[in-house]
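Below is the file my_file-v4.pdb, which contains PDB, C-alpha atoms.
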ATOM      1  CA  LEU K 230     -17.102 -11.282  -1.619
ATOM      2  CA  PRO K 231     -19.969  -9.106  -0.336
ATOM      3  CA  LEU K 232     -20.147 -11.163   2.870
ATOM      4  CA  LEU K 233     -16.430 -10.557   3.546
ATOM      5  CA  ASP K 234     -17.018  -6.839   2.980
ATOM      6  CA  GLU K 235     -19.948  -6.861   5.411
ATOM      7  CA  ALA K 236     -17.919  -8.792   7.986
ATOM      8  CA  TYR K 237     -15.002  -6.368   7.667
ATOM      9  CA  ALA K 238     -17.303  -3.360   8.079
ATOM     10  CA  SER K 239     -19.023  -4.971  11.055
ATOM     11  CA  ILE K 240     -15.769  -5.764  12.861
ATOM     12  CA  MET K 241     -14.378  -2.306  12.163
ATOM     13  CA  SER K 242     -17.530  -0.495  13.282
ATOM     14  CA  THR K 243     -17.680  -2.553  16.488
ATOM     15  CA  MET K 244     -14.061  -1.704  17.234
ATOM     16  CA  VAL K 245     -14.684   1.988  16.589
ATOM     17  CA  GLU K 246     -17.831   2.024  18.746
ATOM     18  CA  THR K 247     -16.623  -0.101  21.661
ATOM     19  CA  GLY K 248     -12.837  -0.312  21.475
ATOM     20  CA  GLN K 249     -13.089  -4.122  21.313
ATOM     21  CA  ALA K 250     -13.337  -6.623  18.484
ATOM     22  CA  PRO K 251     -16.493  -8.715  18.398
ATOM     23  CA  HIS K 252     -16.425 -12.429  19.155
ATOM     24  CA  PHE K 253     -17.216 -14.547  16.113
ATOM     25  CA  THR K 254     -20.599 -15.431  17.628
ATOM     26  CA  GLU K 255     -21.502 -11.728  17.750
ATOM     27  CA  LEU K 256     -20.316 -11.320  14.179
ATOM     28  CA  ALA K 257     -22.399 -14.291  13.054
ATOM     29  CA  ASN K 258     -25.463 -12.893  14.802
ATOM     30  CA  THR K 259     -24.977  -9.451  13.252
ATOM     31  CA  LEU K 260     -24.582 -10.917   9.764
ATOM     32  CA  GLY K 261     -27.342 -13.507  10.174
ATOM     33  CA  VAL K 262     -25.056 -16.439   9.377
ATOM     34  CA  PRO K 263     -24.392 -19.695  11.262
ATOM     35  CA  MET K 264     -21.863 -19.507  14.114
ATOM     36  CA  GLU K 265     -19.353 -21.645  12.234
ATOM     37  CA  ARG K 266     -19.501 -19.233   9.293
ATOM     38  CA  GLY K 267     -18.818 -16.345  11.676
ATOM     39  CA  ARG K 268     -15.750 -18.194  12.924
ATOM     40  CA  THR K 269     -14.432 -18.880   9.435
ATOM     41  CA  LEU K 270     -15.087 -15.279   8.382
ATOM     42  CA  VAL K 271     -12.878 -14.041  11.227
ATOM     43  CA  HIS K 272     -10.037 -16.277  10.060
ATOM     44  CA  GLU K 273     -10.541 -15.378   6.389
ATOM     45  CA  LEU K 274     -10.445 -11.650   7.117
ATOM     46  CA  VAL K 275      -7.474 -11.867   9.439
ATOM     47  CA  GLY K 276      -5.669 -13.825   6.727
ATOM     48  CA  LEU K 277      -6.242 -10.955   4.292
ATOM     49  CA  THR K 278      -4.839  -8.284   6.630
ATOM     50  CA  PRO K 279      -1.703  -7.801   8.708
ATOM     51  CA  GLY K 280      -3.881  -8.705  11.712
ATOM     52  CA  TRP K 281      -3.998 -11.921  13.707
ATOM     53  CA  THR K 282      -6.008 -14.007  16.132
ATOM     54  CA  GLN K 283      -4.769 -14.913  19.579
ATOM     55  CA  PRO K 284      -2.658 -18.026  18.902
ATOM     56  CA  GLY K 285      -4.654 -21.224  19.186
ATOM     57  CA  THR K 286      -7.982 -19.382  19.461
ATOM     58  CA  ASP K 287     -10.681 -17.715  17.381
ATOM     59  CA  PHE K 288     -10.329 -14.383  19.235
ATOM     60  CA  ILE K 289      -9.280 -11.361  17.192
ATOM     61  CA  ALA K 290      -6.068 -10.017  18.711
ATOM     62  CA  SER K 291      -5.325  -7.375  16.102
ATOM     63  CA  PHE K 292      -7.427  -5.938  13.290
ATOM     64  CA  PRO K 293      -5.543  -3.100  11.575
ATOM     65  CA  PRO K 294      -5.191  -0.358  12.482
ATOM     66  CA  PHE K 295      -6.500  -1.429  15.899
ATOM     67  CA  ASN K 296      -5.151  -3.874  18.419
ATOM     68  CA  ASN K 297      -7.675  -5.652  20.603
ATOM     69  CA  GLN K 298      -5.143  -5.983  23.409
ATOM     70  CA  PRO K 299      -3.397  -3.068  25.136
ATOM     71  CA  THR K 300      -0.268  -1.740  23.448
ATOM     72  CA  HIS K 301       1.933   1.310  23.993
ATOM     73  CA  TYR K 302      -0.002   2.967  21.172
ATOM     74  CA  ARG K 303      -3.036   4.469  22.862
ATOM     75  CA  ILE K 304      -5.612   6.127  20.626
ATOM     76  CA  SER K 305      -7.854   8.869  21.996
ATOM     77  CA  VAL K 306     -10.723  10.688  20.320
ATOM     78  CA  ASP K 307     -12.331  13.713  21.964
ATOM     79  CA  GLY K 308     -10.604  12.850  25.249
ATOM     80  CA  ARG K 309     -11.856   9.247  25.243
ATOM     81  CA  GLN K 310      -9.118   6.620  25.222
ATOM     82  CA  ALA K 311     -10.792   3.392  24.166
ATOM     83  CA  TRP K 312      -8.480   2.058  21.484
ATOM     84  CA  PHE K 313      -5.002   0.722  21.017
ATOM     85  CA  GLY K 314      -3.035   0.887  17.786
ATOM     86  CA  GLN K 315      -1.274  -1.948  16.102
TER      87      GLN K 315
END

Output the structure of this file as structure tokens.
Amino acid sequence: LPLLDEAYASIMSTMVETGQAPHFTELANTLGVPMERGRTLVHELVGLTPGWTQPGTDFIASFPPFNNQPTHYRISVDGRQAWFGQ
């Protein structure tokens, strides 16, 4: 499961840095795996968390504790509001 761990860390660090979840193609590029493997990793990880993809797509909608789409739960750090909570 080291690849799942790396994928989780990569998604989480991207969300912390940018406020947005990476697309599976970005994840695949970061991990040095084929695009299809990046796509399946997203679905595997989301299936292991209380997160989800946008219905009918491969886009991460929520990756706990963050939400990729705006919610009423705004998260600010040092005066910078770039995140939304689940």

Shell of 10 Å around region 237-252 of chain K, only C-alpha atoms, local chain residues under 3 positions omitted, as a VMD selection string: chain K and resid 231 to 234 255 to 257 259 to 260 267 to 268 270 to 271 274 to 275 287 to 298 304 310 to 313

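One distance worth recording is that between CA of Asn258 (chain K) and CA of Thr282 (chain K), which is 19.5 Å.
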
Care to translate the PyMOL selection byres ((chain K and resi 302) around 6) into actual residues of this file, as a short mmCIF file (atom, residue, chain, number, x, y, z; two decimals) with C-alpha atoms, in the frame of the given file?
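And here is the file that came out, result39.cif:
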data_model
loop_
_atom_site.label_atom_id
_atom_site.label_comp_id
_atom_site.auth_asym_id
_atom_site.auth_seq_id
_atom_site.Cartn_x
_atom_site.Cartn_y
_atom_site.Cartn_z
CA THR K 300 -0.27 -1.74 23.45
CA HIS K 301 1.93 1.31 23.99
CA ARG K 303 -3.04 4.47 22.86
CA PHE K 313 -5.00 0.72 21.02
CA GLY K 314 -3.04 0.89 17.79
#

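CA of Leu230 (chain K) is positioned 18.9 Å from CA of Pro279 (chain K).
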
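For the atom pair formed by CA of Thr278 (chain K) and CA of Asp307 (chain K), the distance is 27.8 Å, given to one decimal.
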
Edge lengths and centre in Å to one decimal, as JSON, of the axis-aligned box that encloses all listed atoms of region 277-293 of chain K with 3 Å added on every side?
{"center_x": -6.2, "center_y": -12.2, "center_z": 11.9, "size_x": 15.0, "size_y": 24.1, "size_z": 21.3}
